[in-house]
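Asker: What follows is protein.tsv; its format and atoms are TSV, C-alpha atoms (C1' of nucleotides).
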chain	number	residue	atom	x	y	z
A	227	MET	CA	81.47	113.19	99.15
A	228	VAL	CA	78.38	114.77	100.59
A	229	THR	CA	76.62	117.96	99.63
A	230	PRO	CA	78.56	121.10	100.45
A	231	LEU	CA	77.80	123.88	102.81
A	232	THR	CA	75.20	126.06	101.22
A	233	GLU	CA	73.11	123.41	99.56
A	234	ASN	CA	69.38	123.52	99.98
A	235	ASP	CA	67.67	120.69	101.79
A	236	PRO	CA	64.80	119.77	99.48
A	237	THR	CA	62.78	117.74	101.98
A	238	ALA	CA	59.74	119.10	103.75
A	239	GLN	CA	61.30	118.37	107.12
A	240	GLY	CA	64.52	120.08	106.17
A	241	GLU	CA	62.60	123.10	104.97
A	242	ARG	CA	60.65	123.31	108.17
A	243	ARG	CA	63.77	123.11	110.28
A	244	ALA	CA	65.64	125.54	108.11
A	245	ARG	CA	62.79	128.03	108.22
A	246	GLN	CA	62.80	127.86	111.99
A	247	ARG	CA	66.46	128.79	112.01
A	248	THR	CA	66.95	131.14	109.12
A	249	GLY	CA	63.42	132.32	108.55
A	250	LYS	CA	63.69	132.32	104.80
A	251	ASN	CA	65.79	130.45	102.32
A	252	GLY	CA	66.22	127.01	103.83
A	253	ARG	CA	69.96	127.35	104.38
A	254	LEU	CA	71.81	127.08	107.60
A	255	ALA	CA	73.34	130.14	109.18
A	256	LEU	CA	77.07	130.30	108.60
A	257	GLY	CA	77.98	133.06	111.04
A	258	PRO	CA	81.37	134.61	110.35
A	259	LEU	CA	82.57	131.80	108.06
A	260	PRO	CA	81.81	133.36	104.64
A	261	GLU	CA	83.96	136.38	105.47
A	262	LEU	CA	86.99	134.24	106.29
A	263	VAL	CA	89.60	133.68	103.62
A	264	GLY	CA	90.31	130.28	105.13
A	265	TYR	CA	86.73	129.13	104.70
A	266	ASN	CA	86.61	130.18	101.06
A	267	LEU	CA	90.01	128.62	100.46
A	268	ARG	CA	88.76	125.35	101.84
A	269	LYS	CA	85.63	125.39	99.73
A	270	ALA	CA	87.58	126.14	96.58
A	271	GLN	CA	89.90	123.27	97.33
A	272	VAL	CA	87.06	120.83	97.87
A	273	ALA	CA	85.60	121.84	94.52
A	274	LEU	CA	88.99	121.51	92.89
A	275	PHE	CA	89.62	118.10	94.41
A	276	GLN	CA	86.35	116.69	93.11
A	277	ASN	CA	86.87	118.16	89.67
A	278	PHE	CA	90.40	116.72	89.65
A	279	GLN	CA	89.09	113.25	90.33
A	280	SER	CA	86.77	113.29	87.33
A	281	ALA	CA	89.41	114.97	85.17
A	282	VAL	CA	91.90	112.12	85.67
A	283	ALA	CA	89.34	109.31	85.77
A	284	PRO	CA	89.59	106.39	85.31
A	285	HIS	CA	93.17	106.56	86.60
A	286	ASP	CA	92.39	107.02	90.29
A	287	ILE	CA	95.14	109.53	90.98
A	288	THR	CA	94.89	112.13	93.74
A	289	PRO	CA	96.39	115.61	93.53
A	290	GLY	CA	98.96	114.49	96.11
A	291	GLN	CA	99.96	111.47	94.08
A	292	PHE	CA	100.17	113.62	90.96
A	293	GLY	CA	102.54	115.94	92.81
A	294	VAL	CA	104.74	113.03	93.87
A	295	LEU	CA	104.81	111.65	90.32
A	296	ILE	CA	105.72	115.07	88.93
A	297	MET	CA	108.56	115.43	91.42
A	298	ILE	CA	109.94	112.00	90.49
A	299	LYS	CA	109.62	112.76	86.79
A	300	GLU	CA	111.35	116.11	87.15
A	301	ASN	CA	114.05	114.89	89.55
A	302	GLU	CA	114.79	111.36	88.45
A	303	GLY	CA	116.87	109.39	90.92
A	304	LEU	CA	115.93	111.31	94.04
A	305	SER	CA	115.59	109.47	97.36
A	306	GLN	CA	112.44	108.90	99.38
A	307	SER	CA	113.70	111.19	102.11
A	308	ASP	CA	114.44	114.05	99.73
A	309	LEU	CA	111.08	113.56	98.08
A	310	GLY	CA	109.38	113.63	101.46
A	311	SER	CA	111.11	116.87	102.39
A	312	ALA	CA	110.09	118.38	99.05
A	313	VAL	CA	106.41	117.60	99.37
A	314	GLY	CA	106.28	118.14	103.13
A	315	ILE	CA	105.68	114.67	104.51
A	316	ASP	CA	107.74	112.47	106.80
A	317	ARG	CA	109.98	109.79	105.29
A	318	SER	CA	108.06	107.13	107.23
A	319	THR	CA	104.88	108.30	105.53
A	320	MET	CA	106.57	108.28	102.16
A	321	VAL	CA	107.16	104.52	102.43
A	322	ALA	CA	103.49	103.65	101.96
A	323	VAL	CA	103.01	106.35	99.33
A	324	ILE	CA	105.76	104.83	97.18
A	325	ASP	CA	104.58	101.31	98.04
A	326	ARG	CA	101.25	102.13	96.43
A	327	LEU	CA	102.71	103.74	93.32
A	328	GLU	CA	105.22	100.92	92.95
A	329	SER	CA	102.57	98.20	93.33
A	330	ARG	CA	100.60	99.95	90.61
A	331	GLY	CA	103.64	99.74	88.38
A	332	LEU	CA	104.13	103.50	88.06
A	333	VAL	CA	107.32	104.00	90.07
A	334	VAL	CA	110.55	101.98	90.36
A	335	ARG	CA	112.79	101.75	93.42
A	336	ALA	CA	116.18	101.44	91.74
A	337	PRO	CA	119.36	101.00	93.80
A	338	SER	CA	121.17	104.27	94.39
A	339	PRO	CA	124.59	104.16	92.74
A	340	ASN	CA	126.45	106.01	95.47
A	341	ASP	CA	124.53	105.26	98.69
A	342	ARG	CA	123.44	101.74	99.47
A	343	ARG	CA	121.02	102.97	102.14
A	344	SER	CA	118.74	104.78	99.73
A	345	TYR	CA	116.76	104.21	96.56
A	346	ALA	CA	116.94	106.16	93.33
A	347	LEU	CA	113.30	106.70	92.44
A	348	ARG	CA	112.18	106.93	88.85
A	349	LEU	CA	109.04	106.51	86.79
A	350	SER	CA	108.53	103.16	85.09
A	351	PRO	CA	107.79	103.26	81.36
A	352	GLU	CA	104.15	102.87	82.29
A	353	GLY	CA	104.47	105.74	84.75
A	354	GLN	CA	106.00	107.90	82.03
A	355	ARG	CA	103.19	107.08	79.64
A	356	LEU	CA	100.64	107.84	82.32
A	357	MET	CA	102.20	111.23	83.06
A	358	GLU	CA	102.28	112.15	79.41
A	359	GLU	CA	98.57	111.56	79.33
A	360	LEU	CA	97.88	113.10	82.73
A	361	ILE	CA	99.81	116.36	82.54
A	362	PRO	CA	97.71	117.88	79.74
A	363	ARG	CA	94.55	116.67	81.45
A	364	VAL	CA	95.54	118.19	84.78
A	365	LYS	CA	96.44	121.47	83.09
A	366	ALA	CA	93.05	121.51	81.36
A	367	HIS	CA	91.32	120.69	84.63
A	368	ASP	CA	93.19	123.50	86.37
A	369	GLN	CA	92.15	125.94	83.66
A	370	SER	CA	88.56	124.78	83.89
A	371	MET	CA	88.53	125.67	87.58
A	372	VAL	CA	89.24	129.32	86.77
A	373	LYS	CA	87.35	129.53	83.51
A	374	ASP	CA	85.11	132.27	84.92
A	375	LEU	CA	88.12	134.44	85.68
A	376	SER	CA	89.87	136.58	83.11
A	377	LYS	CA	93.52	135.87	82.38
A	378	GLU	CA	94.47	138.88	84.46
A	379	GLU	CA	92.33	137.70	87.35
A	380	GLN	CA	93.86	134.24	87.15
A	381	ALA	CA	97.33	135.73	87.42
A	382	GLN	CA	96.19	137.87	90.34
A	383	LEU	CA	94.73	134.84	92.10
A	384	ILE	CA	98.01	132.92	91.86
A	385	ASP	CA	99.91	135.99	93.03
A	386	PHE	CA	97.62	136.41	96.05
A	387	LEU	CA	97.95	132.74	96.97
A	388	ARG	CA	101.74	132.90	96.76
A	389	ARG	CA	101.83	135.94	98.99
A	390	MET	CA	99.64	134.09	101.49
A	391	SER	CA	101.99	131.10	101.57
A	392	LYS	CA	104.91	133.40	102.30
A	393	ALA	CA	103.03	135.21	105.01
A	394	GLY	CA	102.19	131.96	106.80
B	264	MET	CA	123.95	117.85	102.84
B	265	VAL	CA	122.78	115.48	100.16
B	266	THR	CA	124.86	114.87	97.06
B	267	PRO	CA	123.17	116.43	94.03
B	268	LEU	CA	121.60	113.54	92.21
B	269	THR	CA	122.35	114.57	88.68
B	270	GLU	CA	125.96	115.58	89.37
B	271	ASN	CA	127.40	113.19	86.85
B	272	ASP	CA	124.47	113.05	84.50
B	273	PRO	CA	125.84	114.15	81.14
B	274	THR	CA	122.53	114.63	79.37
B	275	ALA	CA	120.99	117.97	78.57
B	276	GLN	CA	117.98	116.99	80.64
B	277	GLY	CA	120.15	116.24	83.60
B	278	GLU	CA	122.02	119.50	83.29
B	279	ARG	CA	118.82	121.45	83.12
B	280	ARG	CA	117.50	119.70	86.17
B	281	ALA	CA	120.76	120.21	88.02
B	282	ARG	CA	120.75	123.90	87.24
B	283	GLN	CA	117.22	124.24	88.53
B	284	ARG	CA	118.16	122.48	91.72
B	285	THR	CA	121.67	123.68	92.31
B	286	GLY	CA	120.79	126.87	94.04
B	287	LYS	CA	122.28	127.41	97.42
B	288	ASN	CA	119.63	125.26	99.05
B	289	GLY	CA	119.46	122.41	96.56
B	290	ARG	CA	115.77	122.88	95.76
B	291	LEU	CA	114.14	120.36	93.50
B	292	ALA	CA	112.60	121.03	90.10
B	293	LEU	CA	108.84	121.49	90.29
B	294	GLY	CA	107.91	121.16	86.62
B	295	PRO	CA	104.47	122.57	85.79
B	296	LEU	CA	103.29	122.68	89.41
B	297	PRO	CA	103.98	126.38	90.20
B	298	GLU	CA	101.74	127.46	87.30
B	299	LEU	CA	98.78	125.45	88.55
B	300	VAL	CA	96.13	127.20	90.60
B	301	GLY	CA	95.55	123.95	92.47
B	302	TYR	CA	99.15	123.70	93.60
B	303	ASN	CA	99.19	127.26	94.91
B	304	LEU	CA	95.82	126.74	96.55
B	305	ARG	CA	97.17	123.69	98.34
B	306	LYS	CA	100.27	125.51	99.51
B	307	ALA	CA	98.27	128.44	100.81
B	308	GLN	CA	96.03	126.08	102.72
B	309	VAL	CA	98.95	124.26	104.31
B	310	ALA	CA	100.35	127.61	105.47
B	311	LEU	CA	96.94	128.63	106.75
B	312	PHE	CA	96.42	125.37	108.60
B	313	GLN	CA	99.72	125.66	110.46
B	314	ASN	CA	99.12	129.29	111.33
B	315	PHE	CA	95.63	128.37	112.55
B	316	GLN	CA	97.03	125.79	114.93
B	317	SER	CA	99.31	128.28	116.65
B	318	ALA	CA	96.61	130.96	116.62
B	319	VAL	CA	94.20	128.83	118.64
B	320	ALA	CA	96.82	127.12	120.81
B	321	PRO	CA	96.63	125.77	123.44
B	322	HIS	CA	93.08	124.74	122.58
B	323	ASP	CA	93.90	122.08	120.00
B	324	ILE	CA	91.09	122.93	117.60
B	325	THR	CA	91.31	122.27	113.87
B	326	PRO	CA	89.72	124.46	111.20
B	327	GLY	CA	87.21	121.67	110.60
B	328	GLN	CA	86.27	121.46	114.26
B	329	PHE	CA	85.96	125.23	114.38
B	330	GLY	CA	83.56	125.07	111.44
B	331	VAL	CA	81.46	122.44	113.18
B	332	LEU	CA	81.35	124.47	116.39
B	333	ILE	CA	80.33	127.61	114.47
B	334	MET	CA	77.52	125.74	112.74
B	335	ILE	CA	76.22	124.41	116.05
B	336	LYS	CA	76.45	127.83	117.65
B	337	GLU	CA	74.65	129.50	114.75
B	338	ASN	CA	72.03	126.76	114.31
B	339	GLU	CA	71.33	125.51	117.82
B	340	GLY	CA	69.33	122.30	117.94
B	341	LEU	CA	70.29	120.96	114.54
B	342	SER	CA	70.74	117.23	114.07
B	343	GLN	CA	73.95	115.34	113.33
B	344	SER	CA	72.73	114.46	109.84
B	345	ASP	CA	71.88	118.05	108.96
B	346	LEU	CA	75.21	119.18	110.33
B	347	GLY	CA	76.97	116.57	108.25
B	348	SER	CA	75.19	117.70	105.10
B	349	ALA	CA	76.09	121.29	105.90
B	350	VAL	CA	79.80	120.69	106.31
B	351	GLY	CA	80.00	118.03	103.63
B	352	ILE	CA	80.68	114.83	105.57
B	353	ASP	CA	78.71	111.63	105.97
B	354	ARG	CA	76.54	111.17	109.05
B	355	SER	CA	78.56	108.09	110.03
B	356	THR	CA	81.67	110.26	110.05
B	357	MET	CA	79.92	112.90	112.10
B	358	VAL	CA	79.43	110.45	114.97
B	359	ALA	CA	83.11	110.41	115.92
B	360	VAL	CA	83.46	114.15	115.31
B	361	ILE	CA	80.70	114.88	117.84
B	362	ASP	CA	82.00	112.14	120.15
B	363	ARG	CA	85.28	114.02	120.42
B	364	LEU	CA	83.73	117.43	120.97
B	365	GLU	CA	81.28	115.98	123.48
B	366	SER	CA	83.99	114.14	125.43
B	367	ARG	CA	85.87	117.42	125.62
B	368	GLY	CA	82.79	119.01	127.13
B	369	LEU	CA	82.21	121.46	124.29
B	370	VAL	CA	79.04	120.07	122.71
B	371	VAL	CA	75.88	118.55	124.20
B	372	ARG	CA	73.68	115.89	122.60
B	373	ALA	CA	70.27	116.97	123.86
B	374	PRO	CA	67.15	114.97	123.00
B	375	SER	CA	65.27	116.37	120.04
B	376	PRO	CA	61.80	117.56	121.12
B	377	ASN	CA	59.96	116.36	118.02
B	378	ASP	CA	61.94	113.37	116.78
B	379	ARG	CA	63.17	110.69	119.14
B	380	ARG	CA	65.61	109.34	116.55
B	381	SER	CA	67.76	112.45	116.48
B	382	TYR	CA	69.70	114.72	118.79
B	383	ALA	CA	69.43	118.46	119.12
B	384	LEU	CA	73.03	119.60	119.19
B	385	ARG	CA	74.10	122.66	121.14
B	386	LEU	CA	77.20	124.13	122.67
B	387	SER	CA	77.79	123.52	126.35
B	388	PRO	CA	78.44	126.61	128.50
B	389	GLU	CA	82.11	125.74	128.23
B	390	GLY	CA	81.77	125.44	124.46
B	391	GLN	CA	80.14	128.87	124.35
B	392	ARG	CA	82.93	130.38	126.41
B	393	LEU	CA	85.52	128.75	124.18
B	394	MET	CA	83.88	130.11	121.03
B	395	GLU	CA	83.72	133.61	122.47
B	396	GLU	CA	87.46	133.41	122.95
B	397	LEU	CA	88.16	131.59	119.67
B	398	ILE	CA	86.13	133.65	117.18
B	399	PRO	CA	88.16	136.85	117.60
B	400	ARG	CA	91.36	134.82	117.51
B	401	VAL	CA	90.38	133.03	114.32
B	402	LYS	CA	89.37	136.31	112.70
B	403	ALA	CA	92.73	137.80	113.65
B	404	HIS	CA	94.54	134.74	112.36
B	405	ASP	CA	92.61	134.94	109.09
B	406	GLN	CA	93.55	138.61	108.73
B	407	SER	CA	97.18	137.83	109.47
B	408	MET	CA	97.23	135.39	106.56
B	409	VAL	CA	96.40	138.19	104.11
B	410	LYS	CA	98.23	140.98	105.87
B	411	ASP	CA	100.42	141.54	102.80
B	412	LEU	CA	97.34	142.13	100.64
B	413	SER	CA	95.50	145.43	100.46
B	414	LYS	CA	91.85	145.48	101.51
B	415	GLU	CA	90.85	145.59	97.88
B	416	GLU	CA	93.07	142.62	97.07
B	417	GLN	CA	91.63	140.68	100.00
B	418	ALA	CA	88.12	141.26	98.68
B	419	GLN	CA	89.24	140.22	95.20
B	420	LEU	CA	90.80	137.04	96.57
B	421	ILE	CA	87.59	136.00	98.30
B	422	ASP	CA	85.61	136.84	95.18
B	423	PHE	CA	87.92	134.72	93.01
B	424	LEU	CA	87.72	131.78	95.41
B	425	ARG	CA	83.93	131.94	95.46
B	426	ARG	CA	83.78	131.96	91.68
B	427	MET	CA	86.07	128.91	91.67
B	428	SER	CA	83.81	127.01	94.05
B	429	LYS	CA	80.83	127.71	91.82
B	430	ALA	CA	82.71	126.67	88.71
B	431	GLY	CA	83.65	123.29	90.22
C	1022	DT	C1'	127.39	109.76	115.26
C	1023	DA	C1'	124.13	110.65	111.62
C	1024	DT	C1'	121.12	109.20	107.91
C	1025	DT	C1'	117.92	105.95	105.00
C	1026	DG	C1'	114.40	103.05	104.73
C	1027	DT	C1'	111.47	100.44	107.44
C	1028	DT	C1'	108.19	98.76	110.96
C	1029	DA	C1'	105.16	99.31	114.87
C	1030	DT	C1'	101.93	102.10	116.67
C	1031	DA	C1'	98.50	105.62	116.95
C	1032	DC	C1'	95.27	109.07	115.56
C	1033	DT	C1'	92.26	111.72	112.17
C	1034	DC	C1'	89.44	111.87	108.29
C	1035	DT	C1'	86.83	109.72	105.07
C	1036	DA	C1'	83.47	106.30	103.11
C	1037	DT	C1'	79.99	102.10	102.58
C	1038	DA	C1'	77.04	98.60	104.46
C	1039	DA	C1'	74.23	96.91	107.81
C	1040	DC	C1'	71.84	97.26	112.25
C	1041	DT	C1'	68.19	99.57	115.71
C	1042	DA	C1'	64.96	102.50	116.86
C	1043	DT	C1'	61.79	105.54	115.25
C	1044	DA	C1'	58.99	108.09	111.76
D	1100	DT	C1'	59.38	102.50	103.41
D	1101	DA	C1'	62.40	105.98	104.87
D	1102	DT	C1'	65.39	108.36	108.18
D	1103	DA	C1'	68.76	109.20	112.43
D	1104	DG	C1'	72.28	107.51	114.86
D	1105	DT	C1'	75.42	103.87	115.39
D	1106	DT	C1'	78.80	100.18	114.61
D	1107	DA	C1'	81.95	97.44	111.88
D	1108	DT	C1'	85.06	97.76	108.55
D	1109	DA	C1'	88.22	99.66	105.26
D	1110	DG	C1'	91.52	102.77	103.37
D	1111	DA	C1'	94.39	107.11	102.98
D	1112	DG	C1'	97.06	110.22	105.23
D	1113	DT	C1'	99.61	111.88	108.96
D	1114	DA	C1'	103.00	111.53	112.85
D	1115	DT	C1'	106.69	109.65	116.46
D	1116	DA	C1'	109.85	106.17	118.16
D	1117	DA	C1'	112.86	102.63	117.45
D	1118	DC	C1'	115.61	99.40	114.61
D	1119	DA	C1'	119.19	97.55	111.08
D	1120	DA	C1'	122.18	98.74	107.49
D	1121	DT	C1'	125.10	102.02	105.90
D	1122	DA	C1'	127.63	106.45	105.73
Could the structure of this file be written out as structure tokens, please?

Answerer:
Amino acid sequence: MVTPLTENDPTAQGERRARQRTGKNGRLALGPLPELVGYNLRKAQVALFQNFQSAVAPHDITPGQFGVLIMIKENEGLSQSDLGSAVGIDRSTMVAVIDRLESRGLVVRAPSPNDRRSYALRLSPEGQRLMEELIPRVKAHDQSMVKDLSKEEQAQLIDFLRRMSKAG
Amino acid sequence: MVTPLTENDPTAQGERRARQRTGKNGRLALGPLPELVGYNLRKAQVALFQNFQSAVAPHDITPGQFGVLIMIKENEGLSQSDLGSAVGIDRSTMVAVIDRLESRGLVVRAPSPNDRRSYALRLSPEGQRLMEELIPRVKAHDQSMVKDLSKEEQAQLIDFLRRMSKAG
DNA sequence: TATTGTTATACTCTATAACTATA
DNA sequence: TATAGTTATAGAGTATAACAATA
């Protein structure tokens, strides 16, 4: 990804342009954005996403895929539709998501014992091994994102975020 | 209603899972996800995104487009490349973003006075009118997302998120 | 009739590589 | 040589509508 919002432009041209607009520090004006919770939420998530990628390298797993794998691990035998409802995506979208994980050998589409329309999803042995390696790494990554916050502040942050989700 | 998947699973694991899921609504087990900052961040952002959409309806503007429009408004005459760097997307991606906003009559690609390779972006009169209507709405929407937090907690939340972005 | 997985289709967001005009 | 905008291309993610098999 490209440089984020408040990065300096080190070129002479960039400095000239920036000076014309901001008069001083070579950054673009952001208007009301920095005061918005949504803007800061977005920036934190971009930072988290990038850090996640390097934390789970070289496994090429996204946070979304990790969530899907966790749900399958924790709810072995669930159907694609139920999984989709749980993670908030349509069942038609889930098809390609599982296609990818299955073609990588991480997830198995087993026949459902009581409903011949649906699959019983489960992790393959390789998927299980991967998750055993990934879960501690993801936890460590998550901690590293809030390493500058005290334990109390970390708990507060999660509490605030949960209250936001409810308020939505 | 879906049949509980672990209904006849005799193992301790299965029973634990079933108990976690067998509330009134059949919720699935989430494993370590609820303790992760990243998971709660993601959920808060999904809630915010949906609320944003209804807050700016019927204008069909996304948070990302709003950010681009703010940057153009606050830094009139900037180029597509500088804008891309500012919001963190590649200049090739920015082409279609501006195409859309231009075709909707919100943004103008004016010739740059000192560099014939680049455009000087600015809001059209219609874009200016839209932003005058949108900015108060977006601020109100943003406030509504944290309405259950005290002013002090809101300030703490933004502070925590900023410290996370730096830590990335 | 309703649901599950699927396909067809479409749109957004994202990137890299290569092209052109210009610097 | 380097940069700005563009195009071609690719892939992920998202959705709706319709279909066959099954409930």

Asker: Find the residues of chain C that sit at most 10 Å from chain B; for each, write down the nearest two atoms and how far apart they are in Å, to one decimal. Count all atoms listed in the file. Sort by chain, then by number going up, and give it as JSON lines.

Answerer:
{"residue": "C:DT1033", "atom": "C1'", "partner": "B:Val360", "partner_atom": "CA", "distance": 9.7}
{"residue": "C:DC1034", "atom": "C1'", "partner": "B:Thr356", "partner_atom": "CA", "distance": 8.1}
{"residue": "C:DT1035", "atom": "C1'", "partner": "B:Thr356", "partner_atom": "CA", "distance": 7.2}
{"residue": "C:DA1036", "atom": "C1'", "partner": "B:Asp353", "partner_atom": "CA", "distance": 7.7}
{"residue": "C:DT1037", "atom": "C1'", "partner": "B:Ser355", "partner_atom": "CA", "distance": 9.7}
{"residue": "C:DA1042", "atom": "C1'", "partner": "B:Arg380", "partner_atom": "CA", "distance": 6.9}
{"residue": "C:DT1043", "atom": "C1'", "partner": "B:Arg380", "partner_atom": "CA", "distance": 5.5}
{"residue": "C:DA1044", "atom": "C1'", "partner": "B:Asp378", "partner_atom": "CA", "distance": 7.9}

Asker: Export, as a PDB file, keeping the file's coordinate frame, the selected residues with C-alpha atoms (C1' of nucleotides).

Answerer:
ATOM      1  C1'  DT C1033      92.260 111.720 112.170  1.00  0.00           C
ATOM      2  C1'  DC C1034      89.440 111.870 108.290  1.00  0.00           C
ATOM      3  C1'  DT C1035      86.830 109.720 105.070  1.00  0.00           C
ATOM      4  C1'  DA C1036      83.470 106.300 103.110  1.00  0.00           C
ATOM      5  C1'  DT C1037      79.990 102.100 102.580  1.00  0.00           C
ATOM      6  C1'  DA C1042      64.960 102.500 116.860  1.00  0.00           C
ATOM      7  C1'  DT C1043      61.790 105.540 115.250  1.00  0.00           C
ATOM      8  C1'  DA C1044      58.990 108.090 111.760  1.00  0.00           C
TER       9       DA C1044
END

Asker: Select all residues near (116.7, 103.7, 96.8) (cut-off 10 Å, inclusive, file coordinates), counting all atoms listed in the file, and output them as a ChimeraX atom specification.

Answerer: /A:303-307,334-339,341-348 /C:1025-1026

Asker: Counting all atoms listed in the file, which residues of chain B come no farther than 7 Å from chain A, as a VMD selection string?

Answerer: chain B and resid 268 280 291 to 294 299 to 301 303 to 304 306 to 308 310 to 311 314 333 to 334 337 to 338 348 to 353 405 408 to 409 411 420 to 421 423 to 428 430 to 431

Asker: Within 9 Å of (78.8, 96.8, 114.0) (coordinates as in the file), grab all the protein and nucleic acid residues, counting all atoms listed in the file, and write them out as an mmCIF file with C-alpha atoms (C1' of nucleotides), in the coordinates of the input.

Answerer:
data_model
loop_
_atom_site.group_PDB
_atom_site.id
_atom_site.type_symbol
_atom_site.label_atom_id
_atom_site.label_comp_id
_atom_site.auth_asym_id
_atom_site.auth_seq_id
_atom_site.Cartn_x
_atom_site.Cartn_y
_atom_site.Cartn_z
ATOM 1 C "C1'" DA C 1039 74.230 96.910 107.810
ATOM 2 C "C1'" DC C 1040 71.840 97.260 112.250
ATOM 3 C "C1'" DT D 1105 75.420 103.870 115.390
ATOM 4 C "C1'" DT D 1106 78.800 100.180 114.610
ATOM 5 C "C1'" DA D 1107 81.950 97.440 111.880
ATOM 6 C "C1'" DT D 1108 85.060 97.760 108.550
#

Asker: Calculate how many Å separate atom CA of Glu352 of chain A from atom CA of Gly331 of chain A, rounding to one decimal.

Answerer: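 Distance reported for this atom pair: 6.9 Å.
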
Asker: Return as JSON the box centre and box size in Å, one decimal, for an axis-aligned box around all listed atoms of segment 352-366 of chain B padded by 5 Å per side.

Answerer:
{"center_x": 80.9, "center_y": 112.8, "center_z": 115.5, "size_x": 18.7, "size_y": 19.3, "size_z": 29.9}

Asker: Pull the closest atom pair for each residue of chain D that gets at most 10 Å from chain A, along with the distance in Å to one decimal, counting all atoms listed in the file, ordering rows by chain and then ascending residue number, as a Markdown table.

Answerer:
| residue | atom | partner | partner_atom | distance |
| --- | --- | --- | --- | --- |
| D:DA1111 | C1' | A:Val323 | CA | 9.4 |
| D:DG1112 | C1' | A:Thr319 | CA | 8.1 |
| D:DT1113 | C1' | A:Thr319 | CA | 7.2 |
| D:DA1114 | C1' | A:Asp316 | CA | 7.7 |
| D:DT1115 | C1' | A:Ser318 | CA | 9.7 |
| D:DA1120 | C1' | A:Arg343 | CA | 6.9 |
| D:DT1121 | C1' | A:Arg343 | CA | 5.6 |
| D:DA1122 | C1' | A:Asp341 | CA | 7.8 |
